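Q: Next comes the structure file start-v3.cif, holding mmCIF, N, CA and C atoms.
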```
data_structure
#
loop_
_atom_site.label_atom_id
_atom_site.label_comp_id
_atom_site.auth_asym_id
_atom_site.auth_seq_id
_atom_site.Cartn_x
_atom_site.Cartn_y
_atom_site.Cartn_z
N MET A 152 -59.94 -94.61 98.66
CA MET A 152 -58.54 -94.84 98.97
C MET A 152 -58.18 -96.25 98.50
N THR A 153 -57.24 -96.30 97.60
CA THR A 153 -56.77 -97.60 97.14
C THR A 153 -55.52 -97.97 97.90
N PHE A 154 -55.36 -99.25 98.13
CA PHE A 154 -54.22 -99.73 98.89
C PHE A 154 -53.42 -100.66 98.01
N ASP A 155 -52.31 -100.17 97.45
CA ASP A 155 -51.53 -101.01 96.55
C ASP A 155 -50.41 -101.71 97.32
N LEU A 156 -49.74 -102.62 96.63
CA LEU A 156 -48.72 -103.46 97.25
C LEU A 156 -47.54 -102.65 97.78
N ALA A 157 -47.15 -101.59 97.07
CA ALA A 157 -46.01 -100.78 97.51
C ALA A 157 -46.26 -100.17 98.88
N LYS A 158 -47.46 -99.69 99.12
CA LYS A 158 -47.79 -99.13 100.43
C LYS A 158 -47.70 -100.20 101.52
N LEU A 159 -48.22 -101.37 101.22
CA LEU A 159 -48.22 -102.45 102.18
C LEU A 159 -46.80 -102.91 102.50
N ILE A 160 -45.96 -103.05 101.48
CA ILE A 160 -44.58 -103.47 101.69
C ILE A 160 -43.85 -102.49 102.59
N ASN A 161 -44.01 -101.21 102.33
CA ASN A 161 -43.34 -100.17 103.11
C ASN A 161 -43.74 -100.24 104.58
N LEU A 162 -45.02 -100.34 104.84
CA LEU A 162 -45.51 -100.38 106.22
C LEU A 162 -45.11 -101.67 106.92
N VAL A 163 -45.20 -102.80 106.25
CA VAL A 163 -44.84 -104.08 106.86
C VAL A 163 -43.35 -104.10 107.21
N LEU A 164 -42.51 -103.61 106.30
CA LEU A 164 -41.07 -103.58 106.57
C LEU A 164 -40.74 -102.64 107.73
N ALA A 165 -41.39 -101.49 107.77
CA ALA A 165 -41.13 -100.54 108.85
C ALA A 165 -41.54 -101.11 110.21
N VAL A 166 -42.70 -101.75 110.26
CA VAL A 166 -43.16 -102.34 111.52
C VAL A 166 -42.29 -103.54 111.89
N ALA A 167 -41.85 -104.30 110.90
CA ALA A 167 -40.95 -105.44 111.19
C ALA A 167 -39.63 -104.94 111.77
N ALA A 168 -39.05 -103.91 111.17
CA ALA A 168 -37.80 -103.35 111.70
C ALA A 168 -38.00 -102.84 113.12
N LEU A 169 -39.09 -102.13 113.34
CA LEU A 169 -39.41 -101.60 114.66
C LEU A 169 -39.50 -102.74 115.68
N SER A 170 -40.23 -103.78 115.35
CA SER A 170 -40.39 -104.92 116.26
C SER A 170 -39.05 -105.61 116.54
N LEU A 171 -38.28 -105.83 115.50
CA LEU A 171 -36.99 -106.52 115.67
C LEU A 171 -36.02 -105.70 116.51
N TYR A 172 -35.97 -104.38 116.29
CA TYR A 172 -35.10 -103.53 117.10
C TYR A 172 -35.51 -103.56 118.57
N ILE A 173 -36.80 -103.49 118.83
CA ILE A 173 -37.27 -103.50 120.22
C ILE A 173 -36.96 -104.84 120.88
N ILE A 174 -37.26 -105.92 120.20
CA ILE A 174 -37.00 -107.25 120.78
C ILE A 174 -35.50 -107.47 120.98
N GLY A 175 -34.70 -107.18 119.95
CA GLY A 175 -33.25 -107.38 120.04
C GLY A 175 -32.61 -106.50 121.10
N SER A 176 -33.05 -105.26 121.17
CA SER A 176 -32.49 -104.33 122.17
C SER A 176 -32.83 -104.76 123.58
N ARG A 177 -34.06 -105.14 123.78
CA ARG A 177 -34.49 -105.57 125.11
C ARG A 177 -33.73 -106.83 125.53
N ARG A 178 -33.60 -107.78 124.61
CA ARG A 178 -32.89 -109.02 124.91
C ARG A 178 -31.41 -108.75 125.19
N PHE A 179 -30.79 -107.84 124.43
CA PHE A 179 -29.39 -107.50 124.67
C PHE A 179 -29.24 -106.81 126.02
N TYR A 180 -30.14 -105.88 126.32
CA TYR A 180 -30.10 -105.15 127.59
C TYR A 180 -30.21 -106.10 128.78
N LEU A 181 -31.07 -107.10 128.67
CA LEU A 181 -31.29 -108.07 129.75
C LEU A 181 -30.36 -109.28 129.65
N ASP A 182 -29.50 -109.30 128.64
CA ASP A 182 -28.56 -110.40 128.39
C ASP A 182 -29.29 -111.72 128.21
N ARG A 183 -30.31 -111.69 127.38
CA ARG A 183 -31.06 -112.90 127.05
C ARG A 183 -30.75 -113.29 125.61
N ARG A 184 -30.15 -114.44 125.46
CA ARG A 184 -29.80 -114.90 124.12
C ARG A 184 -30.97 -115.66 123.51
N PRO A 185 -31.13 -115.64 122.22
CA PRO A 185 -30.29 -114.99 121.22
C PRO A 185 -30.75 -113.56 120.96
N PHE A 186 -29.91 -112.61 121.17
CA PHE A 186 -30.23 -111.22 120.88
C PHE A 186 -29.60 -110.77 119.57
N LEU A 187 -28.44 -111.33 119.25
CA LEU A 187 -27.71 -110.89 118.06
C LEU A 187 -28.49 -111.16 116.78
N ARG A 188 -29.20 -112.26 116.73
CA ARG A 188 -30.02 -112.58 115.55
C ARG A 188 -31.07 -111.51 115.31
N PHE A 189 -31.72 -111.07 116.38
CA PHE A 189 -32.75 -110.05 116.24
C PHE A 189 -32.15 -108.72 115.79
N LEU A 190 -31.00 -108.36 116.35
CA LEU A 190 -30.36 -107.10 115.97
C LEU A 190 -29.89 -107.13 114.52
N VAL A 191 -29.30 -108.23 114.10
CA VAL A 191 -28.85 -108.35 112.70
C VAL A 191 -30.06 -108.31 111.76
N ALA A 192 -31.11 -109.02 112.09
CA ALA A 192 -32.32 -109.00 111.26
C ALA A 192 -32.92 -107.60 111.20
N ALA A 193 -32.92 -106.88 112.34
CA ALA A 193 -33.46 -105.52 112.37
C ALA A 193 -32.65 -104.60 111.46
N ILE A 194 -31.34 -104.71 111.51
CA ILE A 194 -30.48 -103.88 110.67
C ILE A 194 -30.73 -104.19 109.19
N MET A 195 -30.85 -105.46 108.86
CA MET A 195 -31.09 -105.83 107.47
C MET A 195 -32.44 -105.32 106.97
N VAL A 196 -33.49 -105.49 107.77
CA VAL A 196 -34.82 -105.02 107.37
C VAL A 196 -34.85 -103.49 107.30
N ASP A 197 -34.22 -102.83 108.26
CA ASP A 197 -34.16 -101.37 108.28
C ASP A 197 -33.41 -100.84 107.05
N GLY A 198 -32.29 -101.46 106.73
CA GLY A 198 -31.54 -101.05 105.55
C GLY A 198 -32.33 -101.26 104.27
N LEU A 199 -33.01 -102.39 104.17
CA LEU A 199 -33.84 -102.67 103.01
C LEU A 199 -34.98 -101.66 102.90
N THR A 200 -35.62 -101.37 104.01
CA THR A 200 -36.72 -100.40 104.03
C THR A 200 -36.24 -99.03 103.56
N ALA A 201 -35.10 -98.59 104.09
CA ALA A 201 -34.56 -97.28 103.71
C ALA A 201 -34.18 -97.25 102.24
N ALA A 202 -33.55 -98.32 101.76
CA ALA A 202 -33.14 -98.35 100.35
C ALA A 202 -34.36 -98.34 99.42
N LEU A 203 -35.36 -99.13 99.74
CA LEU A 203 -36.56 -99.18 98.89
C LEU A 203 -37.33 -97.86 98.93
N ALA A 204 -37.46 -97.28 100.11
CA ALA A 204 -38.21 -96.02 100.23
C ALA A 204 -37.47 -94.86 99.56
N SER A 205 -36.16 -94.78 99.77
CA SER A 205 -35.42 -93.65 99.20
C SER A 205 -35.27 -93.75 97.69
N SER A 206 -35.33 -94.96 97.15
CA SER A 206 -35.25 -95.12 95.70
C SER A 206 -36.61 -94.95 95.03
N GLY A 207 -37.66 -94.88 95.83
CA GLY A 207 -39.00 -94.70 95.27
C GLY A 207 -39.68 -96.00 94.89
N VAL A 208 -39.06 -97.14 95.18
CA VAL A 208 -39.67 -98.43 94.85
C VAL A 208 -40.92 -98.65 95.68
N THR A 209 -40.88 -98.27 96.96
CA THR A 209 -42.04 -98.46 97.84
C THR A 209 -42.52 -97.13 98.41
N PRO A 210 -43.03 -96.25 97.57
CA PRO A 210 -43.58 -95.00 98.13
C PRO A 210 -44.87 -95.32 98.88
N THR A 211 -45.14 -94.54 99.92
CA THR A 211 -46.37 -94.79 100.68
C THR A 211 -47.59 -94.37 99.86
N THR A 212 -47.45 -93.37 99.06
CA THR A 212 -48.51 -92.95 98.15
C THR A 212 -47.95 -91.90 97.21
N LYS A 213 -48.55 -91.74 96.08
CA LYS A 213 -48.13 -90.72 95.12
C LYS A 213 -49.06 -89.52 95.29
N LEU A 214 -48.46 -88.39 95.63
CA LEU A 214 -49.21 -87.15 95.70
C LEU A 214 -48.73 -86.26 94.55
N PRO A 215 -49.62 -85.46 93.98
CA PRO A 215 -49.23 -84.69 92.80
C PRO A 215 -48.11 -83.68 93.05
N TYR A 216 -47.94 -83.22 94.25
CA TYR A 216 -46.95 -82.19 94.54
C TYR A 216 -45.74 -82.71 95.30
N SER A 217 -45.61 -84.01 95.48
CA SER A 217 -44.56 -84.54 96.35
C SER A 217 -43.54 -85.38 95.58
N ASP A 218 -43.14 -84.94 94.43
CA ASP A 218 -42.19 -85.70 93.62
C ASP A 218 -40.75 -85.34 93.92
N PHE A 219 -40.48 -84.71 95.05
CA PHE A 219 -39.13 -84.30 95.39
C PHE A 219 -38.82 -84.69 96.83
N VAL A 220 -37.54 -84.80 97.12
CA VAL A 220 -37.11 -85.10 98.49
C VAL A 220 -37.18 -83.79 99.28
N PRO A 221 -37.90 -83.77 100.39
CA PRO A 221 -38.15 -82.51 101.12
C PRO A 221 -37.00 -82.08 102.04
N TRP A 222 -35.84 -81.84 101.47
CA TRP A 222 -34.69 -81.44 102.31
C TRP A 222 -34.90 -80.10 102.99
N GLN A 223 -35.85 -79.29 102.56
CA GLN A 223 -36.11 -78.01 103.19
C GLN A 223 -36.93 -78.16 104.48
N SER A 224 -37.48 -79.34 104.71
CA SER A 224 -38.32 -79.58 105.88
C SER A 224 -37.47 -79.96 107.09
N LYS A 225 -37.67 -79.22 108.18
CA LYS A 225 -36.96 -79.54 109.43
C LYS A 225 -37.38 -80.91 109.96
N LEU A 226 -38.63 -81.28 109.75
CA LEU A 226 -39.12 -82.57 110.19
C LEU A 226 -38.43 -83.71 109.42
N PHE A 227 -38.28 -83.55 108.11
CA PHE A 227 -37.61 -84.57 107.30
C PHE A 227 -36.14 -84.70 107.69
N VAL A 228 -35.47 -83.57 107.85
CA VAL A 228 -34.06 -83.59 108.23
C VAL A 228 -33.89 -84.24 109.61
N THR A 229 -34.79 -83.93 110.53
CA THR A 229 -34.76 -84.55 111.86
C THR A 229 -34.93 -86.07 111.75
N HIS A 230 -35.88 -86.49 110.94
CA HIS A 230 -36.10 -87.92 110.71
C HIS A 230 -34.84 -88.59 110.17
N VAL A 231 -34.24 -88.00 109.15
CA VAL A 231 -33.05 -88.59 108.52
C VAL A 231 -31.90 -88.67 109.52
N ILE A 232 -31.67 -87.60 110.26
CA ILE A 232 -30.55 -87.56 111.20
C ILE A 232 -30.75 -88.59 112.32
N LEU A 233 -31.92 -88.58 112.95
CA LEU A 233 -32.15 -89.49 114.08
C LEU A 233 -32.19 -90.96 113.64
N ALA A 234 -32.86 -91.24 112.54
CA ALA A 234 -32.91 -92.62 112.05
C ALA A 234 -31.51 -93.10 111.64
N SER A 235 -30.71 -92.22 111.07
CA SER A 235 -29.35 -92.59 110.66
C SER A 235 -28.46 -92.82 111.87
N ILE A 236 -28.56 -91.96 112.88
CA ILE A 236 -27.78 -92.16 114.11
C ILE A 236 -28.14 -93.51 114.72
N GLY A 237 -29.43 -93.79 114.81
CA GLY A 237 -29.87 -95.07 115.37
C GLY A 237 -29.40 -96.25 114.54
N PHE A 238 -29.56 -96.17 113.23
CA PHE A 238 -29.17 -97.27 112.35
C PHE A 238 -27.68 -97.54 112.44
N PHE A 239 -26.86 -96.51 112.26
CA PHE A 239 -25.42 -96.73 112.29
C PHE A 239 -24.91 -97.05 113.70
N GLY A 240 -25.60 -96.54 114.72
CA GLY A 240 -25.27 -96.92 116.08
C GLY A 240 -25.51 -98.40 116.32
N PHE A 241 -26.64 -98.90 115.84
CA PHE A 241 -26.93 -100.33 115.97
C PHE A 241 -25.97 -101.18 115.14
N VAL A 242 -25.58 -100.68 113.98
CA VAL A 242 -24.57 -101.39 113.19
C VAL A 242 -23.28 -101.50 113.99
N GLY A 243 -22.87 -100.40 114.64
CA GLY A 243 -21.65 -100.41 115.44
C GLY A 243 -21.74 -101.34 116.64
N VAL A 244 -22.85 -101.27 117.35
CA VAL A 244 -23.05 -102.13 118.53
C VAL A 244 -23.05 -103.60 118.11
N THR A 245 -23.79 -103.91 117.08
CA THR A 245 -23.90 -105.30 116.62
C THR A 245 -22.56 -105.82 116.12
N THR A 246 -21.84 -105.00 115.39
CA THR A 246 -20.53 -105.40 114.89
C THR A 246 -19.56 -105.65 116.04
N ALA A 247 -19.55 -104.75 117.02
CA ALA A 247 -18.65 -104.90 118.17
C ALA A 247 -18.97 -106.19 118.94
N VAL A 248 -20.23 -106.44 119.16
CA VAL A 248 -20.62 -107.64 119.91
C VAL A 248 -20.31 -108.90 119.09
N ALA A 249 -20.54 -108.85 117.79
CA ALA A 249 -20.25 -110.01 116.94
C ALA A 249 -18.76 -110.32 116.91
N ILE A 250 -17.93 -109.27 116.91
CA ILE A 250 -16.48 -109.48 116.86
C ILE A 250 -15.95 -109.94 118.22
N LYS A 251 -16.36 -109.27 119.29
CA LYS A 251 -15.83 -109.58 120.63
C LYS A 251 -16.49 -110.79 121.27
N GLY A 252 -17.69 -111.14 120.84
CA GLY A 252 -18.37 -112.31 121.37
C GLY A 252 -19.59 -111.95 122.20
N VAL A 253 -20.60 -112.78 122.12
CA VAL A 253 -21.86 -112.52 122.81
C VAL A 253 -21.82 -112.86 124.29
N HIS A 254 -20.77 -113.52 124.73
CA HIS A 254 -20.72 -113.96 126.13
C HIS A 254 -20.05 -112.96 127.06
N ARG A 255 -19.61 -111.83 126.54
CA ARG A 255 -19.03 -110.79 127.41
C ARG A 255 -20.16 -109.98 128.04
N SER A 256 -19.82 -109.21 129.07
CA SER A 256 -20.88 -108.54 129.82
C SER A 256 -21.37 -107.22 129.19
N TYR A 257 -20.51 -106.38 128.64
CA TYR A 257 -20.88 -105.11 128.00
C TYR A 257 -21.82 -104.24 128.84
N PRO A 258 -21.51 -103.95 130.09
CA PRO A 258 -22.48 -103.20 130.92
C PRO A 258 -22.82 -101.82 130.38
N ARG A 259 -21.82 -101.04 129.97
CA ARG A 259 -22.10 -99.69 129.46
C ARG A 259 -22.77 -99.72 128.09
N LEU A 260 -22.31 -100.62 127.26
CA LEU A 260 -22.86 -100.71 125.91
C LEU A 260 -24.33 -101.11 125.93
N ARG A 261 -24.69 -101.99 126.85
CA ARG A 261 -26.10 -102.40 126.98
C ARG A 261 -26.98 -101.21 127.36
N VAL A 262 -26.50 -100.41 128.30
CA VAL A 262 -27.27 -99.24 128.74
C VAL A 262 -27.37 -98.20 127.62
N VAL A 263 -26.27 -97.93 126.96
CA VAL A 263 -26.26 -96.92 125.90
C VAL A 263 -27.19 -97.31 124.76
N GLN A 264 -27.12 -98.56 124.33
CA GLN A 264 -27.95 -98.96 123.20
C GLN A 264 -29.43 -98.99 123.56
N TYR A 265 -29.75 -99.32 124.81
CA TYR A 265 -31.16 -99.45 125.19
C TYR A 265 -31.78 -98.11 125.61
N ARG A 266 -31.00 -97.30 126.31
CA ARG A 266 -31.55 -96.03 126.83
C ARG A 266 -31.30 -94.84 125.92
N TRP A 267 -30.38 -94.97 124.97
CA TRP A 267 -30.07 -93.85 124.08
C TRP A 267 -30.31 -94.18 122.62
N LEU A 268 -29.65 -95.24 122.13
CA LEU A 268 -29.76 -95.57 120.71
C LEU A 268 -31.18 -95.93 120.30
N LEU A 269 -31.81 -96.82 121.04
CA LEU A 269 -33.16 -97.25 120.68
C LEU A 269 -34.15 -96.08 120.68
N PRO A 270 -34.20 -95.24 121.72
CA PRO A 270 -35.13 -94.11 121.67
C PRO A 270 -34.83 -93.13 120.53
N ILE A 271 -33.56 -92.89 120.24
CA ILE A 271 -33.21 -92.00 119.12
C ILE A 271 -33.75 -92.59 117.82
N TRP A 272 -33.52 -93.87 117.60
CA TRP A 272 -34.01 -94.50 116.38
C TRP A 272 -35.53 -94.49 116.35
N LEU A 273 -36.18 -94.76 117.50
CA LEU A 273 -37.64 -94.78 117.55
C LEU A 273 -38.25 -93.43 117.18
N VAL A 274 -37.65 -92.35 117.63
CA VAL A 274 -38.17 -91.03 117.27
C VAL A 274 -37.99 -90.80 115.77
N GLY A 275 -36.82 -91.11 115.25
CA GLY A 275 -36.58 -90.94 113.81
C GLY A 275 -37.52 -91.78 112.97
N GLU A 276 -37.69 -93.03 113.33
CA GLU A 276 -38.60 -93.91 112.59
C GLU A 276 -40.05 -93.53 112.83
N GLY A 277 -40.36 -93.07 114.03
CA GLY A 277 -41.72 -92.63 114.33
C GLY A 277 -42.15 -91.47 113.45
N ILE A 278 -41.24 -90.54 113.20
CA ILE A 278 -41.53 -89.42 112.30
C ILE A 278 -41.89 -89.95 110.92
N ALA A 279 -41.11 -90.90 110.43
CA ALA A 279 -41.36 -91.47 109.10
C ALA A 279 -42.70 -92.21 109.06
N LEU A 280 -43.00 -92.98 110.11
CA LEU A 280 -44.26 -93.73 110.13
C LEU A 280 -45.48 -92.81 110.20
N VAL A 281 -45.40 -91.79 111.04
CA VAL A 281 -46.53 -90.85 111.15
C VAL A 281 -46.72 -90.12 109.83
N THR A 282 -45.64 -89.72 109.21
CA THR A 282 -45.72 -89.03 107.93
C THR A 282 -46.29 -89.96 106.85
N SER A 283 -45.86 -91.21 106.85
CA SER A 283 -46.38 -92.17 105.87
C SER A 283 -47.88 -92.40 106.08
N MET A 284 -48.29 -92.51 107.32
CA MET A 284 -49.72 -92.69 107.60
C MET A 284 -50.51 -91.46 107.15
N GLY A 285 -49.95 -90.29 107.37
CA GLY A 285 -50.61 -89.07 106.90
C GLY A 285 -50.78 -89.06 105.40
N LYS A 286 -49.76 -89.51 104.70
CA LYS A 286 -49.86 -89.57 103.24
C LYS A 286 -50.88 -90.60 102.79
N ILE A 287 -50.89 -91.75 103.43
CA ILE A 287 -51.80 -92.82 103.02
C ILE A 287 -53.25 -92.48 103.33
N PHE A 288 -53.52 -92.07 104.56
CA PHE A 288 -54.90 -91.91 105.00
C PHE A 288 -55.48 -90.51 104.75
N PHE A 289 -54.63 -89.49 104.79
CA PHE A 289 -55.14 -88.13 104.63
C PHE A 289 -54.63 -87.43 103.38
N ARG A 290 -53.74 -88.12 102.64
CA ARG A 290 -53.15 -87.58 101.42
C ARG A 290 -52.47 -86.23 101.67
N VAL A 291 -51.80 -86.14 102.81
CA VAL A 291 -51.07 -84.95 103.20
C VAL A 291 -49.66 -85.36 103.61
N ARG A 292 -48.67 -84.65 103.12
CA ARG A 292 -47.29 -84.94 103.49
C ARG A 292 -46.88 -83.90 104.54
N LEU A 293 -46.69 -84.35 105.77
CA LEU A 293 -46.36 -83.44 106.87
C LEU A 293 -45.06 -82.69 106.63
N TYR A 294 -44.16 -83.29 105.86
CA TYR A 294 -42.88 -82.63 105.57
C TYR A 294 -43.08 -81.29 104.86
N ASP A 295 -44.21 -81.13 104.18
CA ASP A 295 -44.46 -79.87 103.48
C ASP A 295 -44.93 -78.77 104.41
N TYR A 296 -45.29 -79.12 105.64
CA TYR A 296 -45.82 -78.13 106.59
C TYR A 296 -44.88 -77.86 107.76
N LEU A 297 -43.97 -78.78 108.05
CA LEU A 297 -43.08 -78.62 109.19
C LEU A 297 -41.63 -78.66 108.75
#
```
Rewrite the coordinates I just gave you, this time as structure tokens.

A:
Amino acid sequence: MTFDLAKLINLVLAVAALSLYIIGSRRFYLDRRPFLRFLVAAIMVDGLTAALASSGVTPTTKLPYSDFVPWQSKLFVTHVILASIGFFGFVGVTTAVAIKGVHRSYPRLRVVQYRWLLPIWLVGEGIALVTSMGKIFFRVRLYDYL
């Protein structure tokens, strides 16, 4: 098993986005500043990761039969839908807080983003990470089976 730079970049960016979302969400939920920096950084890293992965710049590995986007896979569609809901939800939350100000209370928004948005994004991103690990370590793309 060879480990090239593209695989490493993809995994590092995904773990960085995951960490930043968790830290930023927890800080926002508990009203501990600075939370907005973490959320903005998470959105930027997540967007970069998605753009690089979807364009094929950072594939986790090249498999001979996986040169297509697996839109027929329910697992892939679930990943795309949940990760997109989480990403755009965080963009909305972050934009609203940046416009209205970080010193407001946002009681409902804090609960929604922490108890709903974050878990939705985590499941979507978790599917991608598990699938990437399967491709890297076992040379199997789970999207072809589920």

Q: Can you measure atom N of Arg177 (chain A) to atom C of Val248 (chain A) for me? One decimal in Å is fine.

A: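 Value for the atom N of Arg177 (chain A)-atom C of Val248 (chain A) distance: 15.0 Å.
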
Q: I'd like to know which of A:Phe179, A:Val228, A:Val244, A:Leu169 is closest to Val196 (chain A), using all atoms listed in the file.

A: A:Leu169

Q: Quote the spacing between CA of Leu273 (chain A) and atom N of Ser170 (chain A) in Å to one decimal place.

A: 9.6 Å

Q: I'd like the neighbourhood of Leu171 (chain A) as a list in words, where a residue qualifies if any of its atoms comes within 8 Å (using only C-alpha atoms), though same-chain residues fewer than 4 positions away should be ignored.

A: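 These residues fall inside the cut-off: Ala167, Gly175, Phe189, Leu190, Ala192 and Ala193 of chain A.
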
Q: Next, dump the selected residues to file, keeping only N, CA and C atoms, as a PDB file, keeping the file's coordinate frame.

A:
```
ATOM      1  N   ALA A 167     -41.850-104.300 110.900  1.00  0.00           N
ATOM      2  CA  ALA A 167     -40.950-105.440 111.190  1.00  0.00           C
ATOM      3  C   ALA A 167     -39.630-104.940 111.770  1.00  0.00           C
ATOM      4  N   GLY A 175     -34.700-107.180 119.950  1.00  0.00           N
ATOM      5  CA  GLY A 175     -33.250-107.380 120.040  1.00  0.00           C
ATOM      6  C   GLY A 175     -32.610-106.500 121.100  1.00  0.00           C
ATOM      7  N   PHE A 189     -31.720-111.070 116.380  1.00  0.00           N
ATOM      8  CA  PHE A 189     -32.750-110.050 116.240  1.00  0.00           C
ATOM      9  C   PHE A 189     -32.150-108.720 115.790  1.00  0.00           C
ATOM     10  N   LEU A 190     -31.000-108.360 116.350  1.00  0.00           N
ATOM     11  CA  LEU A 190     -30.360-107.100 115.970  1.00  0.00           C
ATOM     12  C   LEU A 190     -29.890-107.130 114.520  1.00  0.00           C
ATOM     13  N   ALA A 192     -31.110-109.020 112.090  1.00  0.00           N
ATOM     14  CA  ALA A 192     -32.320-109.000 111.260  1.00  0.00           C
ATOM     15  C   ALA A 192     -32.920-107.600 111.200  1.00  0.00           C
ATOM     16  N   ALA A 193     -32.920-106.880 112.340  1.00  0.00           N
ATOM     17  CA  ALA A 193     -33.460-105.520 112.370  1.00  0.00           C
ATOM     18  C   ALA A 193     -32.650-104.600 111.460  1.00  0.00           C
TER      19      ALA A 193
END
```

Q: Just the residues within 8 Å of Gln223 (chain A), please, counting all atoms listed in the file, with nothing from its chain fewer than 6 positions along; format it as an MDAnalysis selection string.

A: chainID A and resid 294:295 297

Q: Let me see the file: selected residues, N, CA and C atoms, as a PDB file, keeping the file's coordinate frame.

A:
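Produced file selection_17.pdb, reproduced below:
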```pdb
ATOM      1  N   TYR A 294     -44.160 -83.290 105.860  1.00  0.00           N
ATOM      2  CA  TYR A 294     -42.880 -82.630 105.570  1.00  0.00           C
ATOM      3  C   TYR A 294     -43.080 -81.290 104.860  1.00  0.00           C
ATOM      4  N   ASP A 295     -44.210 -81.130 104.180  1.00  0.00           N
ATOM      5  CA  ASP A 295     -44.460 -79.870 103.480  1.00  0.00           C
ATOM      6  C   ASP A 295     -44.930 -78.770 104.410  1.00  0.00           C
ATOM      7  N   LEU A 297     -43.970 -78.780 108.050  1.00  0.00           N
ATOM      8  CA  LEU A 297     -43.080 -78.620 109.190  1.00  0.00           C
ATOM      9  C   LEU A 297     -41.630 -78.660 108.750  1.00  0.00           C
TER      10      LEU A 297
END
```

Q: One number please: atom C of Val253 (chain A) to CA of Pro185 (chain A), in Å, one decimal.

A: 9.3 Å

Q: With only C-alpha atoms as the counted atoms, please give the residues lying no more than 12 Å from Gly285 (chain A), apart from itself and same-chain residues fewer than 4 positions off, as a list of chain:residue names.

A: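 Using only C-alpha atoms, the neighbours found are A:Thr211, A:Thr212, A:Leu214, A:Ile278, A:Ala279, A:Leu280, A:Val281, A:Phe289, A:Arg290, A:Val291, A:Arg292, A:Leu293, A:Tyr294, A:Asp295, A:Tyr296.
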
Q: Using all atoms listed in the file, which of the listed residues (A:Ile173, A:Ile271, A:Val191, A:Ala201) sits closest to Gly237 (chain A)?

A: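 The shortest atom-to-atom distance to Gly237 (chain A) comes from A:Ile271.
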
Q: Show me, as a ChimeraX atom specification, the residues that have an atom within 6.5 Å of Tyr180 (chain A) when counting all atoms listed in the file, minus same-chain residues fewer than 2 positions from it.

A: /A:175-178,182-183,261-262,265

Q: From a backbone DSSP assignment, name each residue in chain A labelled helix (DSSP H, G or I), as a PyMOL selection string.

A: chain A and resi 156-180+187-206+225-251+258-289+293-295

Q: Out of A:Ile232, A:Ala249, A:Leu269, A:Val220, which residue has the shortest atom-to-atom distance to Arg188 (chain A) when counting only C-alpha atoms?

A: A:Ala249

Q: Ranking A:Glu276, A:Ala168, A:Thr282, A:Arg266 by minimum distance to Val231 (chain A) and counting only N, CA and C atoms, which one comes first?

A: A:Glu276

Q: Nearest residue to Ala165 (chain A) out of A:Gly207, A:Thr245, A:Leu187, A:Thr200, using all atoms listed in the file?

A: A:Thr200
